[in-house]
file upload-v7.cif (mmCIF, N, CA and C atoms and all ligand atoms)
data_run
#
loop_
_atom_site.label_atom_id
_atom_site.label_comp_id
_atom_site.auth_asym_id
_atom_site.auth_seq_id
_atom_site.Cartn_x
_atom_site.Cartn_y
_atom_site.Cartn_z
N MET A 274 74.47 13.67 -10.12
CA MET A 274 75.14 14.83 -10.70
C MET A 274 75.24 15.94 -9.65
N ALA A 275 76.40 16.53 -9.52
CA ALA A 275 76.59 17.61 -8.55
C ALA A 275 75.65 18.77 -8.89
N ASP A 276 75.18 19.42 -7.87
CA ASP A 276 74.33 20.60 -8.04
C ASP A 276 72.96 20.30 -8.65
N CYS A 277 72.56 19.05 -8.62
CA CYS A 277 71.19 18.73 -9.05
C CYS A 277 70.36 18.46 -7.81
N LEU A 278 69.31 19.25 -7.65
CA LEU A 278 68.45 19.14 -6.47
C LEU A 278 67.89 17.73 -6.30
N PHE A 279 67.39 17.15 -7.37
CA PHE A 279 66.74 15.84 -7.22
C PHE A 279 67.78 14.73 -7.04
N CYS A 280 68.98 14.88 -7.60
CA CYS A 280 70.04 13.91 -7.26
C CYS A 280 70.36 13.98 -5.77
N LYS A 281 70.32 15.17 -5.21
CA LYS A 281 70.60 15.32 -3.78
C LYS A 281 69.49 14.69 -2.94
N ILE A 282 68.25 14.82 -3.38
CA ILE A 282 67.16 14.16 -2.67
C ILE A 282 67.32 12.64 -2.77
N VAL A 283 67.63 12.15 -3.98
CA VAL A 283 67.83 10.70 -4.17
C VAL A 283 68.96 10.19 -3.28
N ALA A 284 69.99 11.00 -3.12
CA ALA A 284 71.15 10.59 -2.31
C ALA A 284 70.91 10.77 -0.81
N GLY A 285 69.78 11.37 -0.43
CA GLY A 285 69.49 11.60 0.97
C GLY A 285 70.19 12.81 1.56
N GLU A 286 70.75 13.64 0.69
CA GLU A 286 71.48 14.83 1.15
C GLU A 286 70.54 15.98 1.46
N ILE A 287 69.36 15.97 0.84
CA ILE A 287 68.33 16.97 1.10
C ILE A 287 67.07 16.18 1.47
N PRO A 288 66.39 16.55 2.56
CA PRO A 288 65.22 15.78 2.97
C PRO A 288 64.03 15.98 2.03
N ALA A 289 63.21 14.96 1.96
CA ALA A 289 61.96 15.04 1.20
C ALA A 289 60.99 14.06 1.83
N ALA A 290 59.71 14.31 1.60
CA ALA A 290 58.67 13.40 2.10
C ALA A 290 58.51 12.28 1.06
N ILE A 291 59.29 11.23 1.26
CA ILE A 291 59.34 10.13 0.29
C ILE A 291 58.12 9.23 0.49
N VAL A 292 57.42 8.96 -0.61
CA VAL A 292 56.23 8.11 -0.53
C VAL A 292 56.44 6.75 -1.20
N TYR A 293 57.53 6.61 -1.96
CA TYR A 293 57.82 5.33 -2.60
C TYR A 293 59.28 5.34 -3.05
N GLN A 294 59.93 4.20 -2.97
CA GLN A 294 61.25 4.08 -3.60
C GLN A 294 61.56 2.63 -3.90
N ASP A 295 62.28 2.43 -4.99
CA ASP A 295 62.82 1.11 -5.31
C ASP A 295 64.17 1.33 -5.98
N ALA A 296 64.69 0.30 -6.65
CA ALA A 296 66.04 0.39 -7.20
C ALA A 296 66.16 1.42 -8.32
N GLU A 297 65.04 1.70 -9.00
CA GLU A 297 65.09 2.58 -10.17
C GLU A 297 64.52 3.97 -9.94
N VAL A 298 63.47 4.06 -9.13
CA VAL A 298 62.75 5.32 -9.00
C VAL A 298 62.50 5.68 -7.55
N MET A 299 62.19 6.95 -7.35
CA MET A 299 61.79 7.46 -6.04
C MET A 299 60.61 8.39 -6.28
N ALA A 300 59.69 8.45 -5.32
CA ALA A 300 58.56 9.38 -5.41
C ALA A 300 58.46 10.13 -4.09
N PHE A 301 58.25 11.45 -4.19
CA PHE A 301 58.15 12.26 -2.97
C PHE A 301 57.17 13.40 -3.22
N ASN A 302 56.65 13.94 -2.13
CA ASN A 302 55.68 15.02 -2.23
C ASN A 302 56.36 16.30 -2.73
N ASP A 303 55.66 17.00 -3.63
CA ASP A 303 56.17 18.29 -4.10
C ASP A 303 56.16 19.28 -2.94
N ILE A 304 57.20 20.09 -2.84
CA ILE A 304 57.33 21.04 -1.73
C ILE A 304 56.32 22.18 -1.85
N ASN A 305 55.80 22.40 -3.04
CA ASN A 305 54.83 23.47 -3.29
C ASN A 305 53.63 22.88 -4.03
N PRO A 306 52.82 22.10 -3.30
CA PRO A 306 51.78 21.31 -3.98
C PRO A 306 50.73 22.16 -4.67
N GLN A 307 50.39 21.74 -5.87
CA GLN A 307 49.38 22.43 -6.68
C GLN A 307 48.03 21.73 -6.64
N ALA A 308 47.93 20.69 -5.84
CA ALA A 308 46.69 19.93 -5.66
C ALA A 308 46.85 19.13 -4.38
N PRO A 309 45.73 18.61 -3.82
CA PRO A 309 45.86 17.83 -2.58
C PRO A 309 46.85 16.67 -2.70
N MET A 310 46.87 16.01 -3.86
CA MET A 310 47.96 15.06 -4.14
C MET A 310 48.87 15.70 -5.17
N HIS A 311 50.14 15.86 -4.84
CA HIS A 311 51.12 16.35 -5.82
C HIS A 311 52.44 15.67 -5.51
N VAL A 312 52.63 14.57 -6.21
CA VAL A 312 53.81 13.73 -6.01
C VAL A 312 54.69 13.85 -7.25
N LEU A 313 56.00 13.77 -7.05
CA LEU A 313 56.96 13.75 -8.16
C LEU A 313 57.61 12.37 -8.20
N VAL A 314 57.53 11.73 -9.36
CA VAL A 314 58.20 10.44 -9.55
C VAL A 314 59.46 10.71 -10.35
N VAL A 315 60.61 10.35 -9.79
CA VAL A 315 61.89 10.66 -10.43
C VAL A 315 62.72 9.38 -10.57
N PRO A 316 63.53 9.30 -11.63
CA PRO A 316 64.49 8.19 -11.70
C PRO A 316 65.64 8.47 -10.75
N ARG A 317 66.24 7.43 -10.20
CA ARG A 317 67.43 7.65 -9.37
C ARG A 317 68.57 8.20 -10.20
N ARG A 318 68.63 7.78 -11.46
CA ARG A 318 69.71 8.21 -12.36
C ARG A 318 69.42 9.60 -12.90
N HIS A 319 70.44 10.41 -13.01
CA HIS A 319 70.26 11.78 -13.52
C HIS A 319 70.03 11.78 -15.03
N ILE A 320 68.87 12.29 -15.42
CA ILE A 320 68.53 12.51 -16.83
C ILE A 320 67.97 13.93 -16.87
N PRO A 321 68.59 14.86 -17.58
CA PRO A 321 68.19 16.27 -17.45
C PRO A 321 66.80 16.61 -17.99
N THR A 322 66.48 16.14 -19.18
CA THR A 322 65.16 16.43 -19.76
C THR A 322 64.72 15.22 -20.58
N LEU A 323 63.47 15.25 -21.01
CA LEU A 323 62.98 14.17 -21.88
C LEU A 323 63.82 14.07 -23.15
N ASN A 324 64.42 15.18 -23.56
CA ASN A 324 65.22 15.17 -24.79
C ASN A 324 66.43 14.25 -24.70
N ALA A 325 66.84 13.92 -23.50
CA ALA A 325 68.03 13.07 -23.32
C ALA A 325 67.69 11.59 -23.25
N LEU A 326 66.41 11.25 -23.33
CA LEU A 326 66.03 9.83 -23.25
C LEU A 326 66.50 9.07 -24.48
N THR A 327 66.89 7.82 -24.26
CA THR A 327 67.23 6.94 -25.37
C THR A 327 66.35 5.70 -25.28
N GLU A 328 66.49 4.86 -26.29
CA GLU A 328 65.70 3.63 -26.31
C GLU A 328 65.96 2.81 -25.05
N ALA A 329 67.14 2.93 -24.50
CA ALA A 329 67.49 2.17 -23.29
C ALA A 329 66.68 2.63 -22.08
N ASP A 330 66.05 3.79 -22.18
CA ASP A 330 65.25 4.32 -21.07
C ASP A 330 63.76 3.97 -21.18
N ASP A 331 63.38 3.26 -22.23
CA ASP A 331 61.95 2.98 -22.42
C ASP A 331 61.35 2.25 -21.22
N GLU A 332 62.08 1.29 -20.69
CA GLU A 332 61.57 0.55 -19.55
C GLU A 332 61.44 1.47 -18.33
N LEU A 333 62.43 2.34 -18.14
CA LEU A 333 62.41 3.26 -17.00
C LEU A 333 61.19 4.19 -17.07
N VAL A 334 60.91 4.71 -18.23
CA VAL A 334 59.76 5.60 -18.37
C VAL A 334 58.45 4.83 -18.11
N GLY A 335 58.43 3.60 -18.53
CA GLY A 335 57.26 2.76 -18.22
C GLY A 335 57.12 2.53 -16.73
N VAL A 336 58.22 2.29 -16.07
CA VAL A 336 58.21 2.10 -14.61
C VAL A 336 57.70 3.36 -13.93
N MET A 337 58.20 4.52 -14.38
CA MET A 337 57.76 5.80 -13.78
C MET A 337 56.26 5.99 -13.98
N THR A 338 55.79 5.71 -15.18
CA THR A 338 54.37 5.93 -15.50
C THR A 338 53.48 4.98 -14.70
N ARG A 339 53.89 3.71 -14.63
CA ARG A 339 53.07 2.77 -13.87
C ARG A 339 53.13 3.07 -12.38
N ARG A 340 54.23 3.60 -11.89
CA ARG A 340 54.30 3.99 -10.47
C ARG A 340 53.37 5.16 -10.19
N ALA A 341 53.33 6.12 -11.11
CA ALA A 341 52.39 7.24 -10.96
C ALA A 341 50.96 6.72 -10.86
N ALA A 342 50.61 5.80 -11.74
CA ALA A 342 49.25 5.24 -11.71
C ALA A 342 49.00 4.49 -10.40
N ALA A 343 49.97 3.75 -9.92
CA ALA A 343 49.80 2.99 -8.69
C ALA A 343 49.63 3.92 -7.48
N LEU A 344 50.43 4.99 -7.45
CA LEU A 344 50.32 5.94 -6.33
C LEU A 344 48.98 6.63 -6.33
N ALA A 345 48.49 7.00 -7.53
CA ALA A 345 47.16 7.62 -7.62
C ALA A 345 46.09 6.62 -7.19
N ALA A 346 46.23 5.39 -7.65
CA ALA A 346 45.22 4.37 -7.32
C ALA A 346 45.16 4.09 -5.83
N GLU A 347 46.32 4.06 -5.18
CA GLU A 347 46.30 3.72 -3.75
C GLU A 347 45.71 4.85 -2.91
N ARG A 348 45.60 6.03 -3.50
CA ARG A 348 44.92 7.15 -2.84
C ARG A 348 43.47 7.30 -3.29
N GLY A 349 42.99 6.38 -4.10
CA GLY A 349 41.59 6.38 -4.51
C GLY A 349 41.27 7.22 -5.73
N TYR A 350 42.28 7.57 -6.51
CA TYR A 350 42.06 8.45 -7.66
C TYR A 350 42.00 7.71 -9.00
N ALA A 351 42.06 6.40 -9.00
CA ALA A 351 42.09 5.68 -10.28
C ALA A 351 40.87 6.01 -11.12
N GLU A 352 39.70 6.04 -10.50
CA GLU A 352 38.47 6.32 -11.24
C GLU A 352 38.11 7.80 -11.20
N ARG A 353 38.43 8.47 -10.11
CA ARG A 353 38.08 9.90 -9.98
C ARG A 353 38.92 10.76 -10.89
N GLY A 354 40.11 10.32 -11.19
CA GLY A 354 40.95 11.03 -12.15
C GLY A 354 42.15 11.70 -11.52
N TYR A 355 43.20 11.75 -12.28
CA TYR A 355 44.45 12.39 -11.86
C TYR A 355 45.17 12.83 -13.11
N ARG A 356 46.17 13.67 -12.94
CA ARG A 356 46.93 14.17 -14.08
C ARG A 356 48.41 13.84 -13.90
N THR A 357 49.05 13.43 -14.98
CA THR A 357 50.49 13.22 -14.98
C THR A 357 51.10 14.18 -15.99
N VAL A 358 52.19 14.83 -15.58
CA VAL A 358 52.82 15.86 -16.43
C VAL A 358 54.34 15.74 -16.37
N PHE A 359 54.96 15.73 -17.54
CA PHE A 359 56.41 15.96 -17.67
C PHE A 359 56.55 17.33 -18.30
N ASN A 360 57.13 18.29 -17.61
CA ASN A 360 57.49 19.55 -18.27
C ASN A 360 58.86 19.36 -18.89
N CYS A 361 59.01 19.78 -20.14
CA CYS A 361 60.30 19.61 -20.81
C CYS A 361 60.81 20.96 -21.30
N GLY A 362 61.84 21.45 -20.61
CA GLY A 362 62.45 22.72 -21.01
C GLY A 362 61.86 23.90 -20.27
N ALA A 363 62.69 24.94 -20.15
CA ALA A 363 62.27 26.14 -19.42
C ALA A 363 61.01 26.75 -20.02
N GLY A 364 60.88 26.68 -21.33
CA GLY A 364 59.70 27.26 -21.99
C GLY A 364 58.41 26.57 -21.61
N ALA A 365 58.51 25.34 -21.12
CA ALA A 365 57.33 24.60 -20.68
C ALA A 365 57.20 24.61 -19.16
N GLY A 366 58.07 25.38 -18.48
CA GLY A 366 57.98 25.51 -17.04
C GLY A 366 58.87 24.57 -16.26
N GLN A 367 59.77 23.84 -16.95
CA GLN A 367 60.68 22.97 -16.19
C GLN A 367 61.68 23.84 -15.43
N THR A 368 61.76 23.59 -14.13
CA THR A 368 62.67 24.35 -13.28
C THR A 368 63.75 23.47 -12.66
N VAL A 369 63.50 22.18 -12.56
CA VAL A 369 64.50 21.24 -12.04
C VAL A 369 64.87 20.31 -13.20
N PHE A 370 66.14 20.35 -13.57
CA PHE A 370 66.58 19.64 -14.77
C PHE A 370 67.10 18.24 -14.44
N HIS A 371 66.18 17.47 -13.88
CA HIS A 371 66.30 16.04 -13.60
C HIS A 371 64.88 15.55 -13.80
N ILE A 372 64.65 14.74 -14.81
CA ILE A 372 63.26 14.48 -15.20
C ILE A 372 62.41 14.01 -14.02
N HIS A 373 61.17 14.43 -14.03
CA HIS A 373 60.23 14.07 -12.97
C HIS A 373 58.84 14.08 -13.54
N LEU A 374 58.05 13.12 -13.10
CA LEU A 374 56.66 13.02 -13.53
C LEU A 374 55.79 13.54 -12.40
N HIS A 375 55.11 14.66 -12.66
CA HIS A 375 54.16 15.20 -11.68
C HIS A 375 52.92 14.31 -11.67
N VAL A 376 52.39 14.04 -10.48
CA VAL A 376 51.12 13.33 -10.34
C VAL A 376 50.22 14.20 -9.47
N LEU A 377 49.17 14.71 -10.08
CA LEU A 377 48.28 15.67 -9.41
C LEU A 377 46.87 15.11 -9.32
N ALA A 378 46.23 15.28 -8.16
CA ALA A 378 44.86 14.79 -7.99
C ALA A 378 44.24 15.44 -6.77
N GLY A 379 42.92 15.30 -6.68
CA GLY A 379 42.22 15.74 -5.48
C GLY A 379 41.49 17.05 -5.65
N ARG A 380 41.55 17.64 -6.81
CA ARG A 380 40.74 18.82 -7.10
C ARG A 380 40.35 18.75 -8.58
N THR A 381 39.44 19.62 -8.98
CA THR A 381 39.08 19.68 -10.40
C THR A 381 40.27 20.21 -11.17
N LEU A 382 40.70 19.44 -12.15
CA LEU A 382 41.87 19.80 -12.96
C LEU A 382 41.36 20.29 -14.32
N THR A 383 41.64 21.54 -14.62
CA THR A 383 41.11 22.12 -15.86
C THR A 383 42.07 21.86 -17.02
N TRP A 384 41.54 22.06 -18.21
CA TRP A 384 42.34 21.89 -19.42
C TRP A 384 42.00 22.99 -20.41
N PRO A 385 42.95 23.66 -21.07
CA PRO A 385 44.38 23.40 -20.95
C PRO A 385 44.95 23.89 -19.64
N PRO A 386 46.08 23.30 -19.20
CA PRO A 386 46.70 23.77 -17.96
C PRO A 386 47.21 25.20 -18.14
N GLY A 387 47.26 25.94 -17.06
CA GLY A 387 47.70 27.33 -17.12
C GLY A 387 49.17 27.46 -17.38
P1 LIG A 401 59.12 21.58 -12.80
O1 LIG A 401 58.70 23.02 -12.73
O2 LIG A 401 60.60 21.43 -13.09
O3 LIG A 401 58.27 20.74 -13.74
O4 LIG A 401 58.83 20.96 -11.39
C1 LIG A 401 59.72 21.08 -10.32
C2 LIG A 401 58.92 20.84 -9.08
O5 LIG A 401 59.84 20.62 -8.02
C3 LIG A 401 58.05 22.03 -8.68
O6 LIG A 401 56.69 21.64 -8.64
C4 LIG A 401 58.60 22.44 -7.31
O7 LIG A 401 57.59 22.83 -6.41
C5 LIG A 401 59.30 21.17 -6.86
N1 LIG A 401 60.41 21.42 -5.96
C6 LIG A 401 61.37 22.41 -6.07
N2 LIG A 401 62.25 22.30 -5.07
C7 LIG A 401 61.87 21.25 -4.31
C8 LIG A 401 62.40 20.64 -3.12
O8 LIG A 401 63.43 21.06 -2.56
N3 LIG A 401 61.73 19.58 -2.61
C9 LIG A 401 60.61 19.08 -3.22
N4 LIG A 401 60.02 18.02 -2.63
N5 LIG A 401 60.07 19.61 -4.34
C10 LIG A 401 60.70 20.69 -4.88
ZN ZN A 402 69.84 14.86 -11.05
#
call {"tool": "encode", "arguments": {"input": "upload-v7.cif", "output": "structure tokens", "more": "lines below"}}
Ligand code: 5GP
Ligand code: ZN
result
Amino acid sequence: MADCLFCKIVAGEIPAAIVYQDAEVMAFNDINPQAPMHVLVVPRRHIPTLNALTEADDELVGVMTRRAAALAAERGYAERGYRTVFNCGAGAGQTVFHIHLHVLAGRTLTWPPG
């Protein structure tokens, strides 16, 4: 989608520190990390918010979630703990309207999040 930051990263038009990619998803380091590990897992296809998901996306969301777990595990956080977050809507802090799963680890993560 034109004017979507994450579509531009997926297309290679804007650089990012890519840590994983396959036919469906891409993962790259957040530009403003909130923890020692802060990776964003995004679908290649433009989906603006969780509200736009359909049953046809169930597999994609599973792929994103399992990729988040795999990336955390390969950095040694499977047992130490990590957090995955989808912000949905401006009221929840979503600033980029192309769904992305935050994966945060490497520091004490408090609850509830700020
Ligand atoms: P949101 O607030 O929408 O849940 O998360 C958007 C995330 O994208 C933020 O954590 C922000 O730091 C990150 N971000 C914004 N612009 C860029 C960028 O150009 N490159 C990368 N790698 N991350 C970005
Ligand atoms: Zn997009």
call {"tool": "residues_near_ligand", "arguments": {"input": "upload-v7.cif", "ligand": "ligand LIG 401 (chain A)", "cutoff": "8 Å", "atoms": "all atoms listed in the file", "output": "VMD selection string"}}
result
chain A and resid 278 to 279 282 287 to 291 301 to 307 311 313 358 to 362 365 to 375
call {"tool": "axis_aligned_box", "arguments": {"input": "upload-v7.cif", "around": "region 299-316 of chain A", "padding_each_side": "8 Å", "output": "lines of an AutoDock Vina configuration file"}}
result
center_x = 55.7
center_y = 15.2
center_z = -6.7
size_x = 35.9
size_y = 32.5
size_z = 26.0
call {"tool": "atom_distance", "arguments": {"input": "upload-v7.cif", "atom1": "CA of Ala342 (chain A)", "atom2": "atom C of Leu377 (chain A)"}}
result
10.4 Å
call {"tool": "closest_residue", "arguments": {"input": "upload-v7.cif", "among": "A:Ile320, A:Leu326, A:Met299, A:Ala345", "to": "ligand ZN 402 (chain A)", "atoms": "only C-alpha atoms and all ligand atoms"}}
result
A:Ile320
call {"tool": "closest_residue", "arguments": {"input": "upload-v7.cif", "among": "A:Ala300, A:Ala363, A:Cys277, A:Ala329", "to": "ligand ZN 402 (chain A)", "atoms": "only C-alpha atoms and all ligand atoms"}}
result
A:Cys277
call {"tool": "closest_residue", "arguments": {"input": "upload-v7.cif", "among": "A:Gly379, A:Pro385, A:Ala351, A:Thr357", "to": "Pro309 (chain A)", "atoms": "only C-alpha atoms"}}
result
A:Gly379
call {"tool": "atom_distance", "arguments": {"input": "upload-v7.cif", "atom1": "CA of Arg356 (chain A)", "atom2": "CA of Val336 (chain A)"}}
result
16.5 Å
call {"tool": "closest_residue", "arguments": {"input": "upload-v7.cif", "among": "A:Arg380, A:Ala341, A:Arg353, A:Val298", "to": "Arg317 (chain A)", "atoms": "only C-alpha atoms"}}
result
A:Val298
call {"tool": "select_by_dssp", "arguments": {"input": "upload-v7.cif", "residues": "chain A", "states": "alpha helix (DSSP H)", "output": "list in words"}}
result
Leu278, Phe279, Cys280, Lys281, Ile282, Val283, Asp331, Glu332, Leu333, Val334, Gly335, Val336, Met337, Thr338, Arg339, Arg340, Ala341, Ala342, Ala343, Leu344, Ala345, Ala346 and Glu347 of chain A
call {"tool": "atom_distance", "arguments": {"input": "upload-v7.cif", "atom1": "atom C of His319 (chain A)", "atom2": "atom ZN of ligand ZN 402 (chain A)"}}
result
5.0 Å
call {"tool": "closest_residue", "arguments": {"input": "upload-v7.cif", "among": "A:Gly335, A:Gly349, A:Pro316, A:Gly387", "to": "ligand ZN 402 (chain A)", "atoms": "all atoms listed in the file"}}
result
A:Pro316
call {"tool": "closest_residue", "arguments": {"input": "upload-v7.cif", "among": "A:Thr322, A:Ala296, A:Tyr355, A:Met337", "to": "ligand ZN 402 (chain A)", "atoms": "only C-alpha atoms and all ligand atoms"}}
result
A:Thr322
call {"tool": "select_by_dssp", "arguments": {"input": "upload-v7.cif", "residues": "chain A", "states": "strand (DSSP E or B)", "output": "list in words"}}
result
Ile291, Val292, Tyr293, Gln294, Val298, Met299, Ala300, Phe301, Asn302, Met310, His311, Val312, Leu313, Val314, Val315, Pro316, Arg356, Thr357, Val358, Leu374, His375, Val376, Leu377 and Ala378 of chain A
